[in-house]
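J.: Compact mmCIF, C-alpha atoms and all ligand atoms, file query-v9.txt:
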```txt
# COMPACT_ATOMS: atom_id res chain seq x y z
CA MET A 1 47.97 -47.68 1.00
CA LYS A 2 49.24 -45.22 3.63
CA LYS A 3 50.39 -46.44 7.03
CA LYS A 4 48.48 -45.04 10.02
CA MET A 5 50.56 -42.62 12.14
CA SER A 6 51.05 -43.57 15.78
CA ILE A 7 51.43 -41.21 18.75
CA LEU A 8 55.20 -41.89 18.65
CA ASP A 9 55.39 -40.79 15.00
CA PHE A 10 54.39 -37.24 15.94
CA LYS A 11 57.65 -36.52 17.76
CA LYS A 12 59.63 -38.56 15.24
CA TYR A 13 58.24 -36.54 12.31
CA LYS A 14 59.18 -33.32 14.12
CA GLU A 15 62.71 -34.56 14.78
CA GLU A 16 63.02 -35.56 11.11
CA LYS A 17 61.49 -32.21 10.01
CA ARG A 18 58.91 -34.22 8.09
CA LYS A 19 55.77 -32.17 7.53
CA PHE A 20 52.29 -33.67 7.47
CA ALA A 21 48.68 -32.58 6.98
CA TYR A 22 45.51 -32.57 9.06
CA VAL A 23 41.91 -32.07 7.97
CA THR A 24 38.49 -32.28 9.58
CA ALA A 25 35.86 -34.92 8.74
CA TYR A 26 32.54 -35.53 10.43
CA ASP A 27 30.93 -38.50 8.69
CA TYR A 28 31.64 -41.94 7.24
CA THR A 29 31.77 -40.99 3.54
CA MET A 30 34.04 -37.97 3.95
CA ALA A 31 36.25 -39.92 6.37
CA SER A 32 36.62 -42.72 3.82
CA ILE A 33 37.69 -40.18 1.15
CA VAL A 34 40.28 -38.63 3.49
CA ASP A 35 41.42 -42.15 4.38
CA GLU A 36 42.08 -42.85 0.69
CA SER A 37 44.08 -39.60 0.38
CA ASP A 38 47.62 -38.90 1.59
CA VAL A 39 46.40 -36.75 4.53
CA GLU A 40 47.76 -38.22 7.75
CA ILE A 41 45.32 -37.01 10.43
CA ILE A 42 41.58 -36.42 10.76
CA LEU A 43 39.99 -34.07 13.26
CA VAL A 44 36.39 -34.66 14.20
CA GLY A 45 36.23 -31.03 15.22
CA ASP A 46 33.46 -29.39 17.19
CA SER A 47 33.31 -27.13 14.11
CA LEU A 48 30.73 -29.77 13.14
CA GLY A 49 28.39 -27.51 15.12
CA MET A 50 28.50 -25.12 12.16
CA THR A 51 29.31 -27.34 9.19
CA MET A 52 27.03 -30.28 10.04
CA LEU A 53 24.44 -28.96 12.46
CA GLY A 54 23.96 -25.36 11.30
CA TYR A 55 24.62 -23.65 14.65
CA ASP A 56 26.41 -20.32 14.52
CA SER A 57 29.12 -21.39 16.99
CA THR A 58 30.68 -24.51 18.51
CA VAL A 59 29.17 -23.79 21.94
CA PRO A 60 25.94 -25.88 21.65
CA VAL A 61 27.81 -29.06 20.58
CA THR A 62 27.46 -31.93 23.08
CA VAL A 63 29.57 -34.96 24.02
CA ASP A 64 26.86 -37.13 22.43
CA ASP A 65 27.17 -35.16 19.15
CA MET A 66 30.94 -35.75 19.19
CA ILE A 67 30.51 -39.48 19.85
CA HIS A 68 27.86 -39.82 17.14
CA HIS A 69 30.07 -38.19 14.48
CA GLY A 70 33.37 -39.51 15.88
CA SER A 71 32.34 -43.14 15.72
CA ALA A 72 31.13 -42.74 12.10
CA VAL A 73 34.51 -41.25 11.15
CA VAL A 74 36.40 -44.04 12.91
CA ARG A 75 34.36 -46.60 10.91
CA GLY A 76 35.27 -44.78 7.68
CA ALA A 77 39.00 -44.19 8.16
CA LYS A 78 40.91 -47.23 9.35
CA ASN A 79 44.32 -45.99 8.15
CA THR A 80 44.21 -42.45 9.47
CA PHE A 81 45.02 -41.12 12.95
CA ILE A 82 41.78 -39.67 14.37
CA THR A 83 41.28 -36.90 16.94
CA VAL A 84 37.90 -36.09 18.47
CA ASP A 85 37.29 -32.68 20.06
CA MET A 86 36.05 -32.32 23.63
CA PRO A 87 33.16 -29.87 23.25
CA PHE A 88 32.49 -26.77 25.33
CA GLY A 89 31.32 -27.64 28.85
CA SER A 90 32.78 -31.15 28.83
CA TYR A 91 36.12 -30.41 30.56
CA GLU A 92 35.87 -27.02 32.29
CA ILE A 93 33.67 -27.91 35.28
CA SER A 94 36.01 -30.30 37.12
CA LYS A 95 38.93 -32.63 36.47
CA GLU A 96 36.68 -35.61 37.29
CA LYS A 97 34.04 -34.55 34.76
CA ALA A 98 36.78 -33.95 32.17
CA VAL A 99 38.24 -37.43 32.70
CA GLU A 100 34.77 -39.00 32.56
CA ASN A 101 33.95 -37.27 29.26
CA ALA A 102 37.38 -37.91 27.71
CA VAL A 103 37.14 -41.61 28.58
CA ARG A 104 33.60 -41.78 27.14
CA ILE A 105 34.68 -40.14 23.87
CA PHE A 106 37.80 -42.33 23.58
CA LYS A 107 35.99 -45.56 24.45
CA GLU A 108 32.74 -45.03 22.53
CA THR A 109 34.28 -43.70 19.30
CA GLY A 110 37.50 -45.72 19.11
CA CYS A 111 39.44 -42.53 18.23
CA ASP A 112 43.19 -42.13 18.82
CA CYS A 113 43.14 -39.02 21.05
CA VAL A 114 41.00 -36.16 22.25
CA LYS A 115 41.68 -32.46 21.78
CA LEU A 116 40.77 -29.65 24.14
CA GLU A 117 41.17 -25.88 24.01
CA GLY A 118 43.21 -23.92 26.57
CA GLY A 119 46.70 -23.28 27.91
CA VAL A 120 48.41 -23.18 31.32
CA GLU A 121 45.06 -23.11 33.16
CA TYR A 122 44.21 -26.61 31.84
CA VAL A 123 47.47 -28.34 32.76
CA ASP A 124 46.01 -30.28 35.72
CA THR A 125 42.97 -31.36 33.69
CA ILE A 126 45.17 -32.53 30.83
CA LYS A 127 47.44 -34.48 33.18
CA ALA A 128 44.39 -36.18 34.75
CA ILE A 129 43.03 -37.22 31.32
CA ILE A 130 46.44 -38.54 30.23
CA ASN A 131 46.81 -40.43 33.53
CA ALA A 132 43.50 -42.10 32.75
CA GLY A 133 45.06 -43.40 29.52
CA VAL A 134 43.64 -40.99 26.96
CA PRO A 135 46.17 -39.11 24.76
CA VAL A 136 45.54 -35.36 24.59
CA MET A 137 46.23 -32.89 21.78
CA GLY A 138 46.29 -29.26 22.94
CA HIS A 139 44.73 -26.26 21.18
CA ILE A 140 45.87 -22.66 21.79
CA GLY A 141 45.76 -19.29 20.02
CA LEU A 142 42.27 -18.58 18.75
CA THR A 143 40.15 -21.01 20.72
CA PRO A 144 36.70 -20.88 19.08
CA GLN A 145 34.84 -22.19 22.17
CA SER A 146 35.89 -19.06 24.05
CA SER A 147 35.75 -16.66 21.10
CA THR A 148 33.21 -14.50 22.96
CA MET A 149 35.76 -14.00 25.75
CA LEU A 150 38.42 -13.22 23.11
CA GLY A 151 36.17 -10.55 21.57
CA GLY A 152 35.38 -12.54 18.41
CA PHE A 153 37.36 -14.45 15.79
CA LYS A 154 40.54 -12.34 15.96
CA VAL A 155 44.21 -12.98 15.28
CA GLN A 156 45.91 -13.86 18.62
CA GLY A 157 49.46 -13.21 19.88
CA THR A 158 49.77 -9.88 18.12
CA THR A 159 51.61 -8.17 21.01
CA ARG A 160 54.89 -9.20 22.68
CA ASP A 161 53.02 -10.04 25.91
CA SER A 162 50.26 -12.09 24.29
CA ALA A 163 52.83 -13.92 22.11
CA LYS A 164 54.85 -14.68 25.27
CA LYS A 165 51.69 -16.09 26.93
CA LEU A 166 51.19 -18.40 23.92
CA ILE A 167 54.82 -19.60 24.10
CA ASP A 168 54.33 -20.27 27.84
CA ASP A 169 51.07 -22.09 27.10
CA ALA A 170 52.73 -24.30 24.48
CA LYS A 171 55.57 -25.18 26.87
CA ALA A 172 53.10 -25.92 29.68
CA LEU A 173 51.03 -28.20 27.42
CA GLU A 174 54.14 -30.06 26.29
CA GLU A 175 55.20 -30.42 29.93
CA ALA A 176 51.71 -31.69 30.85
CA GLY A 177 52.08 -34.47 28.28
CA CYS A 178 50.29 -33.24 25.14
CA PHE A 179 51.86 -35.06 22.18
CA SER A 180 51.00 -32.23 19.76
CA ILE A 181 49.37 -28.80 19.86
CA VAL A 182 46.98 -27.04 17.47
CA LEU A 183 47.86 -23.36 17.12
CA GLU A 184 45.13 -21.27 15.55
CA CYS A 185 45.19 -17.82 13.97
CA VAL A 186 48.45 -16.15 14.99
CA PRO A 187 51.01 -14.12 13.01
CA SER A 188 53.43 -16.35 11.07
CA VAL A 189 56.42 -15.16 13.14
CA VAL A 190 54.64 -16.28 16.30
CA GLY A 191 53.81 -19.66 14.72
CA LYS A 192 57.49 -20.12 13.83
CA LYS A 193 58.70 -19.10 17.30
CA ILE A 194 56.26 -21.48 19.05
CA ALA A 195 57.19 -24.37 16.73
CA GLU A 196 60.85 -23.75 17.64
CA SER A 197 60.07 -23.53 21.37
CA VAL A 198 58.68 -27.04 21.90
CA SER A 199 59.68 -30.54 20.85
CA VAL A 200 56.13 -31.69 20.01
CA PRO A 201 54.60 -30.84 16.62
CA ILE A 202 52.72 -27.57 16.24
CA LEU A 203 49.69 -28.10 14.04
CA GLY A 204 48.92 -24.70 12.57
CA ILE A 205 45.67 -23.29 11.24
CA GLY A 206 46.30 -19.70 10.19
CA ALA A 207 49.72 -19.89 11.88
CA GLY A 208 51.93 -19.56 8.79
CA LYS A 209 54.12 -22.06 7.00
CA ASP A 210 56.86 -22.55 9.60
CA VAL A 211 54.90 -24.94 11.77
CA ASP A 212 55.07 -28.75 11.63
CA CYS A 213 51.69 -29.52 10.10
CA GLN A 214 48.80 -27.62 8.52
CA VAL A 215 45.19 -28.02 9.69
CA ILE A 216 42.10 -26.99 7.73
CA VAL A 217 38.35 -27.56 7.82
CA LEU A 218 37.37 -29.90 4.98
CA GLN A 219 34.21 -28.00 4.04
CA ASP A 220 36.28 -24.79 3.83
CA MET A 221 39.10 -26.17 1.66
CA LEU A 222 36.59 -27.83 -0.68
CA GLY A 223 34.56 -24.63 -1.05
CA MET A 224 31.46 -26.26 0.43
CA TYR A 225 30.65 -23.95 3.34
CA PRO A 226 29.61 -20.49 2.12
CA ASP A 227 28.72 -18.82 5.45
CA PHE A 228 32.19 -17.71 6.57
CA LYS A 229 35.65 -17.76 4.96
CA PRO A 230 38.59 -16.89 7.22
CA LYS A 231 41.67 -15.30 5.57
CA PHE A 232 43.71 -18.49 6.13
CA VAL A 233 41.38 -20.69 4.08
CA LYS A 234 42.53 -21.63 0.59
CA ILE A 235 39.94 -23.34 -1.59
CA PHE A 236 41.69 -26.34 -3.15
CA ALA A 237 38.67 -27.68 -5.07
CA ASN A 238 35.26 -26.19 -5.71
CA VAL A 239 33.11 -29.11 -4.64
CA ARG A 240 30.01 -27.02 -3.90
CA GLU A 241 29.98 -25.84 -7.53
CA GLU A 242 30.40 -29.42 -8.77
CA MET A 243 27.59 -30.61 -6.47
CA LEU A 244 25.29 -27.87 -7.69
CA LYS A 245 26.05 -28.81 -11.32
CA GLY A 246 25.25 -32.44 -10.51
CA LEU A 247 22.04 -31.61 -8.62
CA ASN A 248 20.76 -29.34 -11.38
CA ALA A 249 21.60 -31.92 -14.08
CA TYR A 250 19.67 -34.52 -12.03
CA HIS A 251 16.73 -32.12 -11.70
CA ASP A 252 16.69 -31.32 -15.44
CA GLU A 253 16.86 -34.96 -16.51
CA SER A 254 14.24 -36.00 -13.93
CA VAL A 255 11.67 -33.42 -15.00
CA SER A 256 12.37 -33.94 -18.73
CA GLY A 257 12.04 -37.74 -18.41
CA GLN A 258 15.59 -38.38 -19.63
CA PHE A 259 16.38 -40.02 -16.30
CA PRO A 260 16.07 -42.90 -15.58
CA SER A 261 16.93 -44.33 -19.00
CA GLU A 262 16.89 -48.10 -19.77
CA GLU A 263 20.34 -48.39 -18.23
CA TYR A 264 19.06 -47.33 -14.82
CA SER A 265 15.76 -49.27 -14.87
CA PHE A 266 14.78 -52.89 -14.11
CA ASN A 267 13.54 -54.17 -17.45
CA ARG A 268 11.79 -57.45 -16.57
CA ASP A 269 8.51 -58.81 -17.88
CA VAL A 270 5.91 -59.09 -15.15
CA ASP A 271 2.37 -60.26 -15.93
CA LEU A 272 0.15 -57.43 -14.73
CA SER A 273 -3.01 -58.43 -16.64
CA ASP A 274 -6.27 -58.35 -14.61
CA LEU A 275 -4.68 -56.38 -11.82
O1 LIG B 301 36.82 -27.82 15.43
C1 LIG B 301 37.70 -27.57 14.61
O2 LIG B 301 37.53 -27.69 13.38
C2 LIG B 301 39.01 -27.14 15.10
C3 LIG B 301 39.97 -26.60 14.08
C4 LIG B 301 39.63 -25.19 13.84
C5 LIG B 301 41.38 -26.80 14.49
O3 LIG B 301 39.26 -27.19 16.27
```
Give the structure from the file, written as structure tokens.
T.:
Amino acid sequence: MKKKMSILDFKKYKEEKRKFAYVTAYDYTMASIVDESDVEIILVGDSLGMTMLGYDSTVPVTVDDMIHHGSAVVRGAKNTFITVDMPFGSYEISKEKAVENAVRIFKETGCDCVKLEGGVEYVDTIKAIINAGVPVMGHIGLTPQSSTMLGGFKVQGTTRDSAKKLIDDAKALEEAGCFSIVLECVPSVVGKKIAESVSVPILGIGAGKDVDCQVIVLQDMLGMYPDFKPKFVKIFANVREEMLKGLNAYHDESVSGQFPSEEYSFNRDVDLSDL
């Protein structure tokens, strides 16, 4: 059985150039499958707004949604480091509100850290959350909660100036105390440069191979979510196809009377006469 990573392992793995892997999960069963795998970290991402709740963005997701799903994942994955996202609106209003929500998520789910989106402008908020005793993972590059402001789901850091801003953001987050940083949707050269610029691991999603860890949405990598497939998603197993095969086999056998056979029935004599 794998050994659960600790916060200290993040820096250690980077120093040792030991790569690791990160995947989302939003419920008990999926979390227990990831827990049995070699994947080291789970993200209860606010992407659950789309994959679990059917919204078309992460914006409507609430702190209560995150706690509901986060606590189920924590129950299912005892040997995996677990991050829970702070949803849109839960940390932008004030530092006090951010600390209150981070503490609630940390305390009520039993997760190992929270993650929030944003760079330099969130340094004070991040420091306040860490001072309250909650570890924070950063998230820069394409930040889906503010994708409207970014003009949609677009590759970030494509100019010298915007790449420089991302490097500054990463350094500021490290300085603020983030123990690792998600970097989403940037050119591979920018991913490499940012990974070389900080001493905490860069967890890349669409950031090329020269980062410290890869992140992916479980439903995407298992071919389960048909609505949207970013360029950086590789389908590692076609679970949707397998599920459809299983569901249609169940339907066929149910309507033909083949299921349930003797094997799946309770064959006991019960006196039903005169009933
Ligand atoms: O919510 C999420 O799934 C994320 C990943 C895209 C990193 O934040």
J.: Taking every listed atom of ligand LIG 301 (chain B) and adding 6 Å to each side, what centre and edge lengths in Å (one decimal) does the axis-aligned box have, as JSON?
T.:
```
{"center_x": 39.1, "center_y": -26.5, "center_z": 14.8, "size_x": 16.6, "size_y": 14.6, "size_z": 14.9}
```
J.: When you look at region 190-196 of chain A with a cut-off of 9 Å (counting all atoms listed in the file), what residues show up, excluding the ones that are within fewer than 5 positions of it in the same chain? I need them as an mmCIF file with C-alpha atoms, keeping the file's coordinate frame.
T.:
```cif
data_model
loop_
_atom_site.group_PDB
_atom_site.id
_atom_site.type_symbol
_atom_site.label_atom_id
_atom_site.label_comp_id
_atom_site.auth_asym_id
_atom_site.auth_seq_id
_atom_site.Cartn_x
_atom_site.Cartn_y
_atom_site.Cartn_z
ATOM 1 C CA GLY A 157 49.460 -13.210 19.880
ATOM 2 C CA THR A 158 49.770 -9.880 18.120
ATOM 3 C CA ALA A 163 52.830 -13.920 22.110
ATOM 4 C CA LEU A 166 51.190 -18.400 23.920
ATOM 5 C CA ILE A 167 54.820 -19.600 24.100
ATOM 6 C CA ALA A 170 52.730 -24.300 24.480
ATOM 7 C CA LYS A 171 55.570 -25.180 26.870
ATOM 8 C CA LEU A 183 47.860 -23.360 17.120
ATOM 9 C CA GLU A 184 45.130 -21.270 15.550
ATOM 10 C CA CYS A 185 45.190 -17.820 13.970
ATOM 11 C CA PRO A 201 54.600 -30.840 16.620
ATOM 12 C CA ILE A 202 52.720 -27.570 16.240
ATOM 13 C CA LEU A 203 49.690 -28.100 14.040
ATOM 14 C CA GLY A 204 48.920 -24.700 12.570
ATOM 15 C CA GLY A 206 46.300 -19.700 10.190
ATOM 16 C CA ALA A 207 49.720 -19.890 11.880
ATOM 17 C CA GLY A 208 51.930 -19.560 8.790
ATOM 18 C CA LYS A 209 54.120 -22.060 7.000
ATOM 19 C CA ASP A 210 56.860 -22.550 9.600
ATOM 20 C CA VAL A 211 54.900 -24.940 11.770
ATOM 21 C CA ASP A 212 55.070 -28.750 11.630
#
```
J.: Counting only C-alpha atoms and all ligand atoms, which residues of chain A sit at most 9 Å from some atom of ligand LIG 301 (chain B), and what is each one's closest atom pair with its distance in Å to one decimal, listed by chain and rising residue number, as JSON lines?
T.:
```
{"residue": "A:Tyr22", "atom": "CA", "partner": "B:LIG301", "partner_atom": "C5", "distance": 8.9}
{"residue": "A:Val23", "atom": "CA", "partner": "B:LIG301", "partner_atom": "O2", "distance": 8.2}
{"residue": "A:Thr24", "atom": "CA", "partner": "B:LIG301", "partner_atom": "O2", "distance": 6.0}
{"residue": "A:Ala25", "atom": "CA", "partner": "B:LIG301", "partner_atom": "O2", "distance": 8.8}
{"residue": "A:Leu43", "atom": "CA", "partner": "B:LIG301", "partner_atom": "O2", "distance": 6.8}
{"residue": "A:Val44", "atom": "CA", "partner": "B:LIG301", "partner_atom": "O1", "distance": 7.0}
{"residue": "A:Gly45", "atom": "CA", "partner": "B:LIG301", "partner_atom": "O1", "distance": 3.3}
{"residue": "A:Asp46", "atom": "CA", "partner": "B:LIG301", "partner_atom": "O1", "distance": 4.1}
{"residue": "A:Ser47", "atom": "CA", "partner": "B:LIG301", "partner_atom": "O1", "distance": 3.8}
{"residue": "A:Leu48", "atom": "CA", "partner": "B:LIG301", "partner_atom": "O1", "distance": 6.8}
{"residue": "A:Gly49", "atom": "CA", "partner": "B:LIG301", "partner_atom": "O1", "distance": 8.4}
{"residue": "A:Thr58", "atom": "CA", "partner": "B:LIG301", "partner_atom": "O1", "distance": 7.6}
{"residue": "A:Val84", "atom": "CA", "partner": "B:LIG301", "partner_atom": "O1", "distance": 8.9}
{"residue": "A:Asp85", "atom": "CA", "partner": "B:LIG301", "partner_atom": "O1", "distance": 6.7}
{"residue": "A:Pro87", "atom": "CA", "partner": "B:LIG301", "partner_atom": "O1", "distance": 8.9}
{"residue": "A:Lys115", "atom": "CA", "partner": "B:LIG301", "partner_atom": "O3", "distance": 8.0}
{"residue": "A:Leu116", "atom": "CA", "partner": "B:LIG301", "partner_atom": "O3", "distance": 8.4}
{"residue": "A:Glu117", "atom": "CA", "partner": "B:LIG301", "partner_atom": "O3", "distance": 8.1}
{"residue": "A:His139", "atom": "CA", "partner": "B:LIG301", "partner_atom": "O3", "distance": 7.4}
{"residue": "A:Leu142", "atom": "CA", "partner": "B:LIG301", "partner_atom": "C4", "distance": 8.6}
{"residue": "A:Thr143", "atom": "CA", "partner": "B:LIG301", "partner_atom": "O3", "distance": 7.7}
{"residue": "A:Pro144", "atom": "CA", "partner": "B:LIG301", "partner_atom": "O3", "distance": 7.4}
{"residue": "A:Gln145", "atom": "CA", "partner": "B:LIG301", "partner_atom": "O3", "distance": 8.9}
{"residue": "A:Val182", "atom": "CA", "partner": "B:LIG301", "partner_atom": "C5", "distance": 6.3}
{"residue": "A:Leu183", "atom": "CA", "partner": "B:LIG301", "partner_atom": "C5", "distance": 7.8}
{"residue": "A:Glu184", "atom": "CA", "partner": "B:LIG301", "partner_atom": "C5", "distance": 6.8}
{"residue": "A:Leu203", "atom": "CA", "partner": "B:LIG301", "partner_atom": "C5", "distance": 8.4}
{"residue": "A:Gly204", "atom": "CA", "partner": "B:LIG301", "partner_atom": "C5", "distance": 8.1}
{"residue": "A:Ile205", "atom": "CA", "partner": "B:LIG301", "partner_atom": "C5", "distance": 6.4}
{"residue": "A:Val215", "atom": "CA", "partner": "B:LIG301", "partner_atom": "C5", "distance": 6.2}
{"residue": "A:Ile216", "atom": "CA", "partner": "B:LIG301", "partner_atom": "C3", "distance": 6.7}
{"residue": "A:Val217", "atom": "CA", "partner": "B:LIG301", "partner_atom": "O2", "distance": 5.6}
{"residue": "A:Leu218", "atom": "CA", "partner": "B:LIG301", "partner_atom": "O2", "distance": 8.7}
```
J.: Give me, please, the distance in Å between CA of Ser254 (chain A) and CA of Gly223 (chain A), quoted to one decimal.
T.: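 Between CA of Ser254 (chain A) and CA of Gly223 (chain A) the gap works out to 26.6 Å.
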J.: Have a look at CA of Pro260 (chain A) and CA of Lys245 (chain A) and let me know their distance in Å, one decimal.
T.: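 Separation between CA of Pro260 (chain A) and CA of Lys245 (chain A): 17.8 Å.
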J.: From the set A:Ser90, A:Ser180, A:Asn248, A:Ser37, which residue has the shortest atom-to-atom contact distance to Lys4 (chain A), counting only C-alpha atoms?
T.: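 Under the stated criterion, the closest residue is A:Ser37.
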J.: Can you pull out the residues contacting Asp168 (chain A)? Cut-off 9 Å, using all atoms listed in the file, and skip same-chain residues under 4 positions away; I want them as a PyMOL selection string.
T.: chain A and resi 119-120+163-164+172-173
J.: Would you list the residues near (48.7, -34.4, 4.7) (no more than 10 Å away, in the coordinates of the file, using all atoms listed in the file) as an mmCIF file with C-alpha atoms, keeping the file's coordinate frame?
T.:
```cif
data_model
loop_
_atom_site.group_PDB
_atom_site.id
_atom_site.type_symbol
_atom_site.label_atom_id
_atom_site.label_comp_id
_atom_site.auth_asym_id
_atom_site.auth_seq_id
_atom_site.Cartn_x
_atom_site.Cartn_y
_atom_site.Cartn_z
ATOM 1 C CA LYS A 19 55.770 -32.170 7.530
ATOM 2 C CA PHE A 20 52.290 -33.670 7.470
ATOM 3 C CA ALA A 21 48.680 -32.580 6.980
ATOM 4 C CA TYR A 22 45.510 -32.570 9.060
ATOM 5 C CA VAL A 23 41.910 -32.070 7.970
ATOM 6 C CA VAL A 34 40.280 -38.630 3.490
ATOM 7 C CA SER A 37 44.080 -39.600 0.380
ATOM 8 C CA ASP A 38 47.620 -38.900 1.590
ATOM 9 C CA VAL A 39 46.400 -36.750 4.530
ATOM 10 C CA GLU A 40 47.760 -38.220 7.750
ATOM 11 C CA ILE A 41 45.320 -37.010 10.430
ATOM 12 C CA ILE A 42 41.580 -36.420 10.760
ATOM 13 C CA CYS A 213 51.690 -29.520 10.100
ATOM 14 C CA GLN A 214 48.800 -27.620 8.520
ATOM 15 C CA VAL A 215 45.190 -28.020 9.690
#
```
J.: So how far away is CA of Phe259 (chain A) from CA of Glu241 (chain A), in Å?
T.: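 Distance between the two atoms: 21.5 Å.
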J.: Using all atoms listed in the file for the distances, tell me which of A:Ile67, A:Val200, A:Met52, A:Met224 is nearest to Leu244 (chain A).
T.: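 Using all atoms listed in the file, Leu244 (chain A) sits closest to A:Met224.
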J.: Here is a test: counting all atoms listed in the file, which residue of A:Ile126, A:Val134, A:Leu275, A:Val186 is nearest to Phe153 (chain A)?
T.: A:Val186
J.: Every residue with an atom at most 9 Å from (39.7, -33.6, 39.7) (file coordinates; all atoms listed in the file) is what I'm after, so could you write them as a PDB file with C-alpha atoms, in the frame of the given file?
T.:
```pdb
ATOM      1  CA  SER A  94      36.010 -30.300  37.120  1.00  0.00           C
ATOM      2  CA  LYS A  95      38.930 -32.630  36.470  1.00  0.00           C
ATOM      3  CA  GLU A  96      36.680 -35.610  37.290  1.00  0.00           C
ATOM      4  CA  LYS A  97      34.040 -34.550  34.760  1.00  0.00           C
ATOM      5  CA  ALA A  98      36.780 -33.950  32.170  1.00  0.00           C
ATOM      6  CA  VAL A  99      38.240 -37.430  32.700  1.00  0.00           C
ATOM      7  CA  ASP A 124      46.010 -30.280  35.720  1.00  0.00           C
ATOM      8  CA  THR A 125      42.970 -31.360  33.690  1.00  0.00           C
ATOM      9  CA  ALA A 128      44.390 -36.180  34.750  1.00  0.00           C
TER      10      ALA A 128
END
```
